[in-house]
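Source file upload-v3.cif; content: mmCIF, C-alpha atoms and all ligand atoms.
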data_my_file
#
loop_
_atom_site.label_atom_id
_atom_site.label_comp_id
_atom_site.auth_asym_id
_atom_site.auth_seq_id
_atom_site.Cartn_x
_atom_site.Cartn_y
_atom_site.Cartn_z
CA MET F 291 126.87 111.56 110.83
CA SER F 292 130.47 110.84 109.96
CA GLN F 293 131.11 109.22 113.30
CA TYR F 294 128.94 106.31 112.08
CA GLU F 295 130.44 105.78 108.66
CA ASP F 296 129.45 102.16 108.67
CA ARG F 297 125.90 102.06 107.42
CA HIS F 298 125.73 98.43 108.59
CA SER F 299 125.33 99.50 112.17
CA LEU F 300 122.61 100.17 114.67
CA PRO F 301 124.14 103.52 115.74
CA TYR F 302 124.00 104.68 112.12
CA ALA F 303 120.32 103.72 111.86
CA LYS F 304 119.54 105.45 115.13
CA GLN F 305 121.35 108.55 114.01
CA MET F 306 119.26 108.59 110.83
CA ASP F 307 116.11 108.35 112.94
CA GLN F 308 117.20 111.29 115.06
CA ASN F 309 117.63 113.38 111.93
CA ASP F 310 114.28 112.31 110.50
CA VAL F 311 111.68 115.08 110.64
CA LEU F 312 108.85 112.52 110.33
CA ASN F 313 110.09 110.33 113.16
CA LYS F 314 107.54 111.80 115.57
CA TYR F 315 104.67 110.11 113.71
CA ARG F 316 105.86 106.66 114.74
CA SER F 317 104.58 107.12 118.29
CA GLN F 318 101.16 108.00 116.93
CA PHE F 319 100.55 104.42 115.80
CA HIS F 320 99.74 101.15 117.55
CA PHE F 321 102.37 98.49 116.83
CA PRO F 322 101.64 94.77 117.22
CA MET F 323 103.60 93.44 120.17
CA GLN F 324 105.62 90.27 120.59
CA THR F 325 105.09 88.15 123.69
CA ASP F 326 108.16 89.69 125.32
CA GLY F 327 106.58 93.13 125.04
CA THR F 328 108.76 94.47 122.21
CA PRO F 329 107.05 95.68 119.06
CA TYR F 330 107.27 93.64 115.89
CA VAL F 331 109.36 94.98 113.04
CA TYR F 332 106.26 95.79 111.00
CA MET F 333 107.09 95.86 107.29
CA CYS F 334 103.64 95.06 105.99
CA GLY F 335 102.03 98.46 105.53
CA ASN F 336 101.61 97.59 101.85
CA SER F 337 99.10 94.97 102.93
CA LEU F 338 97.43 96.47 106.00
CA GLY F 339 98.58 99.76 107.46
CA LEU F 340 98.83 100.17 111.23
CA GLN F 341 96.15 101.83 113.30
CA PRO F 342 96.67 105.51 114.11
CA LYS F 343 96.09 106.16 117.81
CA SER F 344 93.67 108.92 116.84
CA THR F 345 91.33 106.58 114.97
CA SER F 346 89.38 105.31 117.97
CA SER F 347 88.34 108.83 118.96
CA PHE F 348 87.15 109.55 115.41
CA VAL F 349 85.01 106.41 115.41
CA LEU F 350 83.82 107.00 118.97
CA GLN F 351 82.62 110.48 118.05
CA GLU F 352 80.19 109.00 115.55
CA LEU F 353 79.05 106.24 117.89
CA THR F 354 78.38 108.87 120.55
CA ASP F 355 76.48 111.14 118.19
CA TRP F 356 74.38 108.20 117.07
CA GLN F 357 73.68 107.34 120.75
CA ASN F 358 72.64 110.88 121.54
CA LEU F 359 70.97 112.01 118.37
CA GLY F 360 69.65 109.03 116.43
CA VAL F 361 68.53 110.09 113.00
CA GLU F 362 69.10 113.74 113.84
CA GLY F 363 72.79 113.01 113.52
CA HIS F 364 72.44 113.37 109.77
CA PHE F 365 72.13 117.11 110.38
CA HIS F 366 73.24 117.75 113.94
CA ALA F 367 76.14 115.43 114.65
CA LYS F 368 79.37 117.26 115.32
CA ASN F 369 80.31 116.15 111.83
CA PRO F 370 76.91 115.85 110.14
CA TRP F 371 76.51 112.53 108.37
CA LEU F 372 74.67 113.89 105.36
CA PRO F 373 77.73 115.65 103.90
CA TYR F 374 80.25 113.50 105.84
CA HIS F 375 82.10 112.15 102.82
CA GLU F 376 82.76 115.72 101.69
CA PHE F 377 84.95 116.31 104.76
CA LEU F 378 87.44 113.81 103.35
CA THR F 379 87.51 114.87 99.74
CA ASP F 380 90.16 117.59 99.70
CA ALA F 381 92.67 115.61 101.73
CA MET F 382 92.04 112.51 99.62
CA ALA F 383 92.48 114.55 96.44
CA ARG F 384 95.83 115.84 97.69
CA VAL F 385 97.08 112.30 98.27
CA VAL F 386 96.21 111.12 94.76
CA GLY F 387 96.78 114.32 92.82
CA GLY F 388 93.21 114.83 91.69
CA LYS F 389 91.00 117.91 91.77
CA SER F 390 88.37 117.90 94.49
CA ASN F 391 85.55 117.43 92.00
CA GLU F 392 87.31 114.38 90.56
CA VAL F 393 87.73 112.40 93.78
CA VAL F 394 85.34 110.56 96.07
CA VAL F 395 85.80 108.18 99.00
CA MET F 396 83.26 105.39 98.58
CA ASN F 397 82.71 101.62 98.67
CA THR F 398 85.70 99.30 98.42
CA LEU F 399 88.24 98.85 95.68
CA SER F 400 86.84 95.94 93.67
CA VAL F 401 83.36 97.46 93.81
CA ASN F 402 84.70 100.75 92.52
CA LEU F 403 86.61 99.00 89.77
CA HIS F 404 83.38 97.43 88.56
CA LEU F 405 81.51 100.73 88.74
CA MET F 406 84.25 102.41 86.71
CA MET F 407 84.23 99.67 84.11
CA VAL F 408 80.47 100.10 83.71
CA SER F 409 81.37 103.60 82.53
CA PHE F 410 84.70 103.06 80.82
CA TYR F 411 84.57 99.59 79.35
CA ARG F 412 82.15 100.01 76.49
CA PRO F 413 83.01 97.39 73.90
CA LEU F 414 81.84 98.36 70.45
CA GLY F 415 82.37 96.19 67.39
CA LYS F 416 85.96 95.09 67.13
CA ARG F 417 87.05 97.61 69.78
CA ASN F 418 86.27 95.23 72.62
CA LYS F 419 89.53 94.38 74.39
CA ILE F 420 90.95 95.12 77.80
CA VAL F 421 94.69 95.29 78.49
CA ILE F 422 95.92 94.19 81.91
CA GLU F 423 99.19 92.94 83.37
CA ALA F 424 99.81 89.21 83.07
CA ASP F 425 100.53 89.21 86.81
CA ALA F 426 97.58 91.44 87.74
CA PHE F 427 96.14 91.05 91.23
CA PRO F 428 93.63 88.16 91.14
CA SER F 429 90.65 90.29 92.14
CA ASP F 430 91.35 92.70 89.29
CA ARG F 431 91.58 89.77 86.89
CA TYR F 432 88.22 88.38 88.06
CA ALA F 433 86.65 91.81 87.77
CA VAL F 434 87.92 92.37 84.26
CA ARG F 435 87.06 88.91 82.99
CA SER F 436 83.55 89.07 84.43
CA GLN F 437 82.96 92.48 82.85
CA ILE F 438 83.92 91.01 79.48
CA ARG F 439 81.51 88.11 79.98
CA PHE F 440 78.85 90.55 81.15
CA HIS F 441 78.95 92.08 77.67
CA GLY F 442 78.45 88.65 76.11
CA LEU F 443 82.10 88.39 75.06
CA ASP F 444 84.80 85.80 75.62
CA PRO F 445 87.53 86.79 78.10
CA ASP F 446 90.02 84.51 76.40
CA GLU F 447 89.61 86.52 73.22
CA CYS F 448 89.16 89.96 74.70
CA LEU F 449 91.91 90.08 77.30
CA ILE F 450 95.38 91.24 76.29
CA GLN F 451 97.99 90.50 78.93
CA LEU F 452 101.20 92.44 79.24
CA LYS F 453 103.99 89.97 79.89
CA ALA F 454 107.55 90.54 80.96
CA ARG F 455 110.21 89.27 78.60
CA PRO F 456 111.51 85.75 79.19
CA GLY F 457 113.87 85.80 82.14
CA GLU F 458 112.57 89.20 83.30
CA VAL F 459 110.00 90.04 85.95
CA CYS F 460 109.14 93.69 85.37
CA LEU F 461 107.50 95.14 82.28
CA ARG F 462 109.48 97.32 79.92
CA SER F 463 107.76 100.51 78.92
CA GLU F 464 108.70 100.03 75.26
CA ASP F 465 106.87 96.70 75.35
CA ILE F 466 103.76 98.32 76.82
CA GLU F 467 103.90 100.94 74.08
CA GLU F 468 104.29 98.28 71.42
CA VAL F 469 101.23 96.34 72.58
CA ILE F 470 99.12 99.50 72.62
CA GLU F 471 100.49 100.61 69.26
CA SER F 472 99.87 97.36 67.46
CA ASN F 473 96.50 96.46 69.04
CA GLY F 474 95.17 99.97 69.66
CA ASP F 475 92.20 99.82 67.31
CA THR F 476 90.79 96.80 69.10
CA ILE F 477 91.41 98.03 72.65
CA SER F 478 88.53 99.52 74.58
CA LEU F 479 90.24 99.86 77.97
CA ILE F 480 93.77 99.77 79.36
CA MET F 481 93.66 98.99 83.09
CA LEU F 482 96.93 98.58 84.96
CA GLY F 483 97.81 98.16 88.61
CA ASN F 484 99.86 101.08 89.69
CA THR F 485 102.08 100.11 91.51
CA ASN F 486 102.21 96.37 90.68
CA TYR F 487 101.40 94.52 93.91
CA TYR F 488 103.94 91.76 93.33
CA THR F 489 107.02 93.37 91.83
CA GLY F 490 106.53 96.85 93.28
CA GLN F 491 107.03 98.31 89.79
CA TYR F 492 105.51 101.75 89.33
CA PHE F 493 104.33 102.77 85.87
CA ASN F 494 104.44 106.19 84.30
CA MET F 495 100.72 106.90 84.16
CA LYS F 496 100.99 109.96 81.95
CA GLN F 497 102.97 108.17 79.28
CA ILE F 498 100.69 105.12 79.21
CA THR F 499 97.64 107.37 79.11
CA GLN F 500 99.05 109.28 76.14
CA TRP F 501 99.74 106.07 74.25
CA GLY F 502 96.23 104.80 75.01
CA HIS F 503 94.41 108.02 74.19
CA ALA F 504 96.30 108.37 70.91
CA LYS F 505 94.66 105.08 69.93
CA GLY F 506 91.22 106.03 71.19
CA CYS F 507 91.26 103.77 74.28
CA PHE F 508 90.12 104.58 77.77
CA VAL F 509 92.86 104.31 80.39
CA GLY F 510 92.33 103.54 84.08
CA PHE F 511 94.57 102.57 86.98
CA ASP F 512 94.20 100.46 90.08
CA CYS F 513 96.24 102.46 92.56
CA ALA F 514 95.87 100.08 95.53
CA HIS F 515 99.64 100.04 95.99
CA GLY F 516 100.21 103.57 94.79
CA ALA F 517 97.85 105.66 96.91
CA GLY F 518 99.62 106.97 100.01
CA ASN F 519 102.85 105.36 98.82
CA ILE F 520 103.91 107.57 95.92
CA PRO F 521 102.51 111.06 95.30
CA LEU F 522 100.16 110.36 92.40
CA ASP F 523 99.31 112.83 89.66
CA LEU F 524 95.96 111.51 88.56
CA HIS F 525 94.64 114.73 87.09
CA ASP F 526 97.82 115.64 85.25
CA SER F 527 98.31 112.11 84.02
CA GLY F 528 95.08 112.55 82.09
CA CYS F 529 93.85 109.03 82.83
CA ASP F 530 90.12 108.51 82.64
CA PHE F 531 89.63 106.88 86.01
CA ALA F 532 91.44 105.38 88.97
CA VAL F 533 90.43 103.34 92.01
CA TRP F 534 92.25 102.45 95.21
CA CYS F 535 91.81 101.14 98.72
CA ASN F 536 92.66 103.10 101.85
CA TYR F 537 93.70 100.29 104.14
CA LYS F 538 97.20 99.62 102.77
CA TYR F 539 99.46 102.68 102.86
CA LEU F 540 96.50 104.80 103.97
CA ASN F 541 95.95 103.12 107.35
CA SER F 542 92.16 103.15 107.45
CA GLY F 543 91.65 99.64 108.82
CA PRO F 544 90.76 96.16 107.56
CA GLY F 545 88.23 96.30 104.75
CA GLY F 546 88.29 100.09 105.01
CA MET F 547 86.69 102.21 102.36
CA GLY F 548 88.16 102.77 98.93
CA GLY F 549 88.33 105.75 96.64
CA ALA F 550 87.70 106.63 93.04
CA PHE F 551 88.88 109.28 90.60
CA VAL F 552 87.11 110.29 87.41
CA HIS F 553 88.80 112.84 85.20
CA GLU F 554 87.09 116.22 84.97
CA ARG F 555 86.46 115.83 81.26
CA HIS F 556 83.83 113.17 81.97
CA LEU F 557 81.98 114.92 84.76
CA ASN F 558 79.46 116.78 82.62
CA ASP F 559 78.80 113.92 80.27
CA GLN F 560 75.14 113.10 80.81
CA SER F 561 75.22 110.16 78.46
CA ILE F 562 77.92 108.17 80.24
CA PRO F 563 76.66 104.72 81.19
CA ARG F 564 76.68 104.35 84.94
CA PHE F 565 74.97 102.43 87.71
CA GLU F 566 72.88 104.89 89.65
CA GLY F 567 71.87 105.34 93.27
CA TRP F 568 70.41 108.15 95.33
CA TRP F 569 73.74 109.33 96.72
CA GLY F 570 74.84 110.19 93.20
CA HIS F 571 71.84 112.41 92.65
CA ASN F 572 71.80 116.20 92.76
CA LYS F 573 71.98 117.12 96.46
CA GLU F 574 69.40 119.91 96.14
CA THR F 575 66.66 117.58 95.00
CA ARG F 576 67.84 114.22 96.37
CA PHE F 577 65.11 113.99 98.98
CA LYS F 578 62.32 114.99 96.67
CA MET F 579 62.69 111.45 95.33
CA ARG F 580 61.84 112.41 91.80
CA ASP F 581 61.91 109.89 89.00
CA GLY F 582 64.71 111.19 86.82
CA PHE F 583 68.32 110.75 87.91
CA ASP F 584 70.13 114.07 87.96
CA PRO F 585 73.82 113.28 88.53
CA ILE F 586 75.96 115.51 90.70
CA ARG F 587 78.51 117.11 88.39
CA THR F 588 81.42 115.58 90.31
CA ALA F 589 82.84 112.11 90.90
CA GLU F 590 80.25 111.87 93.69
CA SER F 591 77.72 110.95 91.01
CA TRP F 592 79.16 107.41 91.06
CA GLN F 593 78.11 107.00 94.71
CA LEU F 594 75.21 104.63 95.24
CA SER F 595 74.28 104.40 98.92
CA ASN F 596 74.50 106.63 101.90
CA PRO F 597 77.97 105.71 103.12
CA PRO F 598 79.10 103.84 106.25
CA ILE F 599 80.04 106.68 108.58
CA LEU F 600 81.97 104.50 111.06
CA ALA F 601 84.22 103.22 108.29
CA MET F 602 84.65 106.69 106.89
CA ALA F 603 85.66 108.08 110.28
CA SER F 604 88.81 106.00 110.26
CA VAL F 605 89.71 107.11 106.74
CA TRP F 606 89.33 110.68 107.90
CA SER F 607 91.60 110.26 110.91
CA SER F 608 94.29 108.82 108.67
CA LEU F 609 93.95 111.49 105.99
CA LYS F 610 94.47 114.17 108.65
CA MET F 611 97.87 112.66 109.36
CA PHE F 612 98.75 112.61 105.68
CA ASP F 613 97.88 116.28 105.49
CA GLN F 614 100.10 117.03 108.46
CA ALA F 615 103.05 114.97 107.33
CA GLY F 616 102.66 115.97 103.67
CA ILE F 617 102.78 113.44 100.86
CA GLN F 618 105.92 114.99 99.31
CA GLN F 619 107.77 114.89 102.60
CA LEU F 620 106.70 111.27 103.07
CA ARG F 621 108.03 110.48 99.63
CA THR F 622 111.37 112.08 100.42
CA LYS F 623 111.76 109.90 103.48
CA SER F 624 110.46 106.87 101.61
CA ILE F 625 113.14 107.16 98.93
CA SER F 626 115.81 107.32 101.60
CA LEU F 627 114.36 104.54 103.77
CA THR F 628 113.81 102.13 100.89
CA GLY F 629 117.23 103.02 99.54
CA TYR F 630 118.71 102.07 102.90
CA LEU F 631 116.83 98.77 102.86
CA GLU F 632 118.06 98.11 99.33
CA PHE F 633 121.65 98.87 100.31
CA LEU F 634 121.53 96.49 103.28
CA VAL F 635 119.73 93.68 101.48
CA LYS F 636 122.07 93.86 98.48
CA SER F 637 125.03 93.50 100.81
CA LEU F 638 123.76 90.01 101.67
CA GLY F 639 125.08 88.97 98.28
CA ASP F 640 123.74 88.03 94.86
CA ASN F 641 124.12 84.38 95.65
CA LYS F 642 121.51 84.69 98.43
CA VAL F 643 119.03 87.38 97.45
CA HIS F 644 117.82 89.19 94.38
CA ILE F 645 115.60 92.27 94.48
CA ILE F 646 113.07 92.03 91.66
CA THR F 647 111.68 95.54 92.22
CA PRO F 648 113.21 98.08 89.80
CA SER F 649 116.24 99.90 91.19
CA GLU F 650 115.25 103.21 89.54
CA ILE F 651 113.59 105.49 92.06
CA ASP F 652 110.92 106.69 89.65
CA LYS F 653 109.84 103.11 88.99
CA ARG F 654 109.09 102.09 92.56
CA GLY F 655 107.63 103.20 95.87
CA SER F 656 108.33 101.88 99.36
CA GLN F 657 108.09 98.20 98.60
CA LEU F 658 110.95 95.89 97.74
CA SER F 659 110.20 92.35 96.60
CA ILE F 660 113.11 90.17 97.59
CA GLN F 661 113.61 86.85 95.89
CA VAL F 662 115.51 84.48 98.15
CA LYS F 663 117.61 81.77 96.51
CA ASN F 664 116.79 78.19 97.52
CA ALA F 665 114.25 79.39 100.04
CA ASN F 666 110.90 78.11 101.06
CA LYS F 667 108.32 79.27 103.54
CA GLU F 668 110.43 78.02 106.45
CA LEU F 669 112.63 81.05 106.01
CA TYR F 670 109.63 83.29 106.26
CA ASN F 671 108.39 81.44 109.34
CA ARG F 672 111.81 81.89 110.87
CA ILE F 673 111.94 85.67 110.42
CA THR F 674 108.40 85.91 111.74
CA LYS F 675 109.46 84.02 114.84
CA ASP F 676 112.36 86.44 115.18
CA GLY F 677 110.01 89.42 115.19
CA VAL F 678 109.31 90.51 111.60
CA ILE F 679 105.87 90.94 110.09
CA ALA F 680 106.20 90.95 106.30
CA ASP F 681 104.56 89.11 103.45
CA TRP F 682 105.47 85.90 101.68
CA ARG F 683 104.58 85.08 98.06
CA GLU F 684 105.14 81.58 96.79
CA PRO F 685 107.50 80.25 95.74
CA ASP F 686 110.34 82.42 97.04
CA VAL F 687 109.55 86.13 97.40
CA ILE F 688 109.40 88.23 100.56
CA ARG F 689 107.65 91.55 100.07
CA VAL F 690 108.65 94.25 102.53
CA ALA F 691 107.59 97.86 102.67
CA PRO F 692 109.23 100.28 105.06
CA VAL F 693 106.47 102.85 105.37
CA PRO F 694 107.73 106.40 105.88
CA MET F 695 104.85 107.42 108.16
CA TYR F 696 105.75 105.01 110.95
CA ASN F 697 108.75 102.84 110.07
CA SER F 698 112.21 103.81 111.23
CA TYR F 699 115.73 103.25 109.94
CA GLU F 700 116.14 101.09 113.01
CA ASP F 701 113.26 98.89 111.78
CA VAL F 702 115.05 98.52 108.47
CA TYR F 703 118.30 97.66 110.19
CA ASN F 704 116.58 95.14 112.46
CA PHE F 705 114.85 93.51 109.50
CA TYR F 706 118.20 93.19 107.74
CA THR F 707 119.85 91.61 110.79
CA ILE F 708 117.04 89.11 111.26
CA LEU F 709 117.07 88.15 107.58
CA LYS F 710 120.85 87.87 107.59
CA ASN F 711 120.83 85.54 110.58
CA ALA F 712 118.10 83.41 109.08
CA LEU F 713 119.99 83.10 105.79
CA GLU F 714 123.20 82.18 107.55
CA ASP F 715 121.46 79.43 109.46
CA ASN F 716 119.77 78.31 106.25
CA SER F 717 122.99 77.81 104.27
C1 LIG Z 801 94.70 95.04 97.74
C2 LIG Z 801 94.26 94.97 96.34
C3 LIG Z 801 92.93 94.66 96.01
C4 LIG Z 801 91.93 94.33 97.08
O1 LIG Z 801 90.62 94.62 96.67
P1 LIG Z 801 89.45 94.86 97.75
O2 LIG Z 801 88.29 95.13 96.91
O3 LIG Z 801 89.87 96.02 98.61
O4 LIG Z 801 89.31 93.62 98.57
C5 LIG Z 801 92.58 94.63 94.67
N1 LIG Z 801 93.49 94.89 93.70
C6 LIG Z 801 94.78 95.19 93.99
C7 LIG Z 801 95.77 95.48 92.90
C8 LIG Z 801 95.20 95.22 95.32
O5 LIG Z 801 96.47 95.49 95.61
#
As C-alpha cells, the full file:
Amino acid sequence: MSQYEDRHSLPYAKQMDQNDVLNKYRSQFHFPMQTDGTPYVYMCGNSLGLQPKSTSSFVLQELTDWQNLGVEGHFHAKNPWLPYHEFLTDAMARVVGGKSNEVVVMNTLSVNLHLMMVSFYRPLGKRNKIVIEADAFPSDRYAVRSQIRFHGLDPDECLIQLKARPGEVCLRSEDIEEVIESNGDTISLIMLGNTNYYTGQYFNMKQITQWGHAKGCFVGFDCAHGAGNIPLDLHDSGCDFAVWCNYKYLNSGPGGMGGAFVHERHLNDQSIPRFEGWWGHNKETRFKMRDGFDPIRTAESWQLSNPPILAMASVWSSLKMFDQAGIQQLRTKSISLTGYLEFLVKSLGDNKVHIITPSEIDKRGSQLSIQVKNANKELYNRITKDGVIADWREPDVIRVAPVPMYNSYEDVYNFYTILKNALEDNS
C-alpha cells in the first residue's frame, strides 16, 4: 500500500478496494445508472438500500408457486407460505442481536411502533410520560403523540424531549441520564431512535436501558438507522422492545417489511396488553378458530395478519447476503470506509464543511451528516448532476452513508472529488 501514500488519490482508493474482502458483493447489486451509462455514486443506502440481483428470483419463486398451486401454496410451495416468516427469523435475529424467540419480521416500522406502544406505554397515574429526542423522526413523533392522546392525555404535558445543549447538535449521555434521573418517577416509556436519522449519532442502548429500568420505566428503540448498519445487541442491552425497517441498510425494497423485537422476559406474560390477530395465536390451534386468544410464546404473538409473502421474499434474499457477508465483517469495513470519508471531507477545511456526526467510532455507524457553510440546495443539485445520489436536509446538511455491503473506497473518493469541485465553484 505504501506506493500510494497519498490517501487523496484514486489509486489509493482502488488499492483499498482490491484489499477489501467484501468487495465482491458490489457486483451483486443493481446500481442506478446515469445517462452516459456510468453508475451513480450511490451514498443513500441509509434511505433506500439498493436492490440485490438475487431479489427478483426470490419474488418470482413465490409468484410461480402461486400460479401453479393457488391456495395449496400455503403448504406445498417450495417455501410454504404458512410458516414463511419463520424462514427469516434466525438471520434477522443475528442482524439485530436478538434471540430467535424475540424477533419477528412483520408489518412496517410505524405500525410496529404503535403495536409495541400498546404493550409498553401504559400510563398509570403520574407515571404517564414518554421521553423522545427533540429531533426525533417526524413519524415517530406523530406515533408517540397520538398514543398519548389515545390514553386521554395531553402530549404537550406528557412528552419529554431530549435536547442538545445550546450550540451543540448531538446529545450528551450525561444529559440523557440526568433527564431520566430527575423525571424517572413520571416516565412510563423511553423511546429513542437508534441511530438518530439526522445526526447519525448512535446511543449506548445498554446504558440507557439500565438508567430507565432503575427508575421503573420501559425502554424501547427505533432502530431504523441502526439495523444492518451497526451490529445491534438488543437482547444483551436488556431493552424491552425495538422496531426497525428493512429497506434502508437492509435492502429489502421500497416500503419493505419491518421487524420487531420483544425481550424474552415479556414473552410469557399473559396479561400484557396487546392488539391481537390470528397470526399471533398458538399455531397448533390457530385454524380451529376458537374464541380465546392463546398467544404464541414468542415475539410472533404480536403478528396480526397472514403476512405479504412477496414483500417477505425480498427481505429474505437480503438477509441471506447479510448472513454470508457477516454483520461483524460489514462493521469492520464500515468503520474503515466511513473513516476514509471523514478523512477526505475534513481535508476540505473547517471553513467549508463541518461534520455534525460524532467522531467517536462507537457513537456512529456508516452515516456522516455534513453541514456545508453558506450552502443551499443548489449545491446538492450540483453534486446530483455530477453523479452523486445522497440526501439533503434543509437548511444545509448533506447526509451520506457509504454502505459496506456495496459501496467502494472509489465511491467515497469520487464523492469527495465531486463535492470538492462543487465547493470550489461555489466560493
Ligand atoms: C425511516 C424511518 C421511519 C419510516 O417509517 P415507515 O413506517 O417505515 O414509513 C420511521 N422512523 C425513523 C426513525 C426512520 O428512520
Exercise for review: Could you jot down the atom CA of Val552 of chain F to atom CA of Phe365 of chain F separation for me, Å, one decimal place?
Suggested key: 28.3 Å
Each residue of chain F with at least one atom at most 6 Å from ligand LIG 801 (chain Z) should appear once, together with its nearest atom pair and the corresponding distance in Å (one decimal); atoms considered: all atoms listed in the file; ordering: chain, then increasing residue number; output as a Markdown table.
| residue | atom | partner | partner_atom | distance |
| --- | --- | --- | --- | --- |
| F:Thr398 | CA | Z:LIG801 | O2 | 5.1 |
| F:Leu399 | CA | Z:LIG801 | O2 | 3.9 |
| F:Ser400 | CA | Z:LIG801 | O2 | 3.6 |
| F:Phe427 | CA | Z:LIG801 | C7 | 4.7 |
| F:Ser429 | CA | Z:LIG801 | C5 | 5.4 |
| F:Asp430 | CA | Z:LIG801 | N1 | 5.4 |
| F:Gly483 | CA | Z:LIG801 | C7 | 5.5 |
| F:Tyr487 | CA | Z:LIG801 | O5 | 5.3 |
| F:Asp512 | CA | Z:LIG801 | C7 | 5.9 |
| F:Ala514 | CA | Z:LIG801 | O5 | 4.6 |
| F:His515 | CA | Z:LIG801 | O5 | 5.6 |
| F:Cys535 | CA | Z:LIG801 | O3 | 5.5 |
Check your understanding: From the set F:Val687, F:Lys304, F:Cys460, F:Gly543, which residue has the shortest atom-to-atom contact distance to Leu600 of chain F, counting only C-alpha atoms?
Key ->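 Nearest to Leu600 of chain F: F:Gly543.
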Exercise for review: Would you mind telling me which residue in F:Lys653, F:Leu658, F:Val605, F:Tyr315 lies nearest to Ser463 of chain F when using all atoms listed in the file?
Suggested key: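 Selected residue with least distance to Ser463 of chain F: F:Lys653.
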Check your understanding: Mind listing as a list in words all residues within 10 Å of (111.7, 84.9, 98.3), counting only C-alpha atoms?
Key ->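 Selection result: Lys642, Val643, His644, Ile645, Ile646, Ser659, Ile660, Gln661, Val662, Lys663, Asn664, Ala665, Asn666, Lys667, Leu669, Tyr670, Asp681, Trp682, Arg683, Glu684, Pro685, Asp686, Val687, Ile688 and Arg689 of chain F.
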Distance table requested - segment 297-400 of chain F against segment 624-629 of chain F, cut-off 12 Å, all atoms listed in the file: one row per qualifying residue with the closest atom pair and its distance in Å to one decimal, ordered by chain and rising residue number, as JSON lines.
{"residue": "F:Arg297", "atom": "CA", "partner": "F:Gly629", "partner_atom": "CA", "distance": 11.8}
{"residue": "F:Ala303", "atom": "CA", "partner": "F:Leu627", "partner_atom": "CA", "distance": 10.1}
{"residue": "F:Met306", "atom": "CA", "partner": "F:Leu627", "partner_atom": "CA", "distance": 9.5}
{"residue": "F:Asp307", "atom": "CA", "partner": "F:Leu627", "partner_atom": "CA", "distance": 10.1}
{"residue": "F:Asp310", "atom": "CA", "partner": "F:Leu627", "partner_atom": "CA", "distance": 10.3}
{"residue": "F:Leu312", "atom": "CA", "partner": "F:Ser624", "partner_atom": "CA", "distance": 10.5}
{"residue": "F:Asn313", "atom": "CA", "partner": "F:Leu627", "partner_atom": "CA", "distance": 11.8}
{"residue": "F:Met333", "atom": "CA", "partner": "F:Thr628", "partner_atom": "CA", "distance": 11.2}
Could you pull out every residue with an atom within 10 Å of (79.8, 114.1, 104.3), file coordinates, counting only C-alpha atoms, and send them as a compact mmCIF listing (two decimals) with C-alpha atoms, in the coordinates of the input?
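As a result, selection-v3.txt now contains:
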# COMPACT_ATOMS: atom_id res chain seq x y z
CA HIS F 364 72.44 113.37 109.77
CA ASN F 369 80.31 116.15 111.83
CA PRO F 370 76.91 115.85 110.14
CA TRP F 371 76.51 112.53 108.37
CA LEU F 372 74.67 113.89 105.36
CA PRO F 373 77.73 115.65 103.90
CA TYR F 374 80.25 113.50 105.84
CA HIS F 375 82.10 112.15 102.82
CA GLU F 376 82.76 115.72 101.69
CA PHE F 377 84.95 116.31 104.76
CA LEU F 378 87.44 113.81 103.35
CA THR F 379 87.51 114.87 99.74
CA VAL F 395 85.80 108.18 99.00
CA ASN F 596 74.50 106.63 101.90
CA PRO F 597 77.97 105.71 103.12
CA ILE F 599 80.04 106.68 108.58
CA MET F 602 84.65 106.69 106.89
Taking 4 positions as the minimum chain separation for residues in the same chain, which residues sit within 12 Å of Leu350 of chain F when counting only C-alpha atoms? Answer as a PDB file with C-alpha atoms, in the coordinates of the input.
ATOM      1  CA  SER F 344      93.670 108.920 116.840  1.00  0.00           C
ATOM      2  CA  THR F 345      91.330 106.580 114.970  1.00  0.00           C
ATOM      3  CA  SER F 346      89.380 105.310 117.970  1.00  0.00           C
ATOM      4  CA  THR F 354      78.380 108.870 120.550  1.00  0.00           C
ATOM      5  CA  ASP F 355      76.480 111.140 118.190  1.00  0.00           C
ATOM      6  CA  TRP F 356      74.380 108.200 117.070  1.00  0.00           C
ATOM      7  CA  GLN F 357      73.680 107.340 120.750  1.00  0.00           C
ATOM      8  CA  LYS F 368      79.370 117.260 115.320  1.00  0.00           C
ATOM      9  CA  ILE F 599      80.040 106.680 108.580  1.00  0.00           C
ATOM     10  CA  LEU F 600      81.970 104.500 111.060  1.00  0.00           C
ATOM     11  CA  ALA F 601      84.220 103.220 108.290  1.00  0.00           C
ATOM     12  CA  ALA F 603      85.660 108.080 110.280  1.00  0.00           C
ATOM     13  CA  SER F 604      88.810 106.000 110.260  1.00  0.00           C
ATOM     14  CA  SER F 607      91.600 110.260 110.910  1.00  0.00           C
TER      15      SER F 607
END
Check your understanding: Can you list, as a list in words, every protein, DNA or RNA residue that comes within 8 Å of Asn541 of chain F when you count only C-alpha atoms, leaving out same-chain residues fewer than 5 positions away?
Key ->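 So, after excluding close chain neighbours, the residues are Gly335, Leu338, Gly339, Leu340, Gln341, Pro342, Asn536, Val605 and Ser608 of chain F.
For the atom pair formed by atom CA of Ser591 of chain F and atom CA of Gly567 of chain F, the distance is 8.4 Å, given to one decimal.
With all atoms listed in the file taken into account, the protein and nucleic acid residues at most 10 Å from Met323 of chain F (excluding it and anything under 6 positions from it in its own chain) are F:Pro329, F:Tyr330, F:Val331, F:Tyr332, F:Gly677.
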Just-selected residues, C-alpha atoms written as a short mmCIF file (atom, residue, chain, number, x, y, z; two decimals), keeping the file's coordinate frame:
data_model
loop_
_atom_site.label_atom_id
_atom_site.label_comp_id
_atom_site.auth_asym_id
_atom_site.auth_seq_id
_atom_site.Cartn_x
_atom_site.Cartn_y
_atom_site.Cartn_z
CA PRO F 329 107.05 95.68 119.06
CA TYR F 330 107.27 93.64 115.89
CA VAL F 331 109.36 94.98 113.04
CA TYR F 332 106.26 95.79 111.00
CA GLY F 677 110.01 89.42 115.19
#
Review point. Between atom CA of Ala381 of chain F and atom CA of Leu524 of chain F, what is the spacing in Å?
Key: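 That distance, rounded to one decimal, is 14.2 Å.
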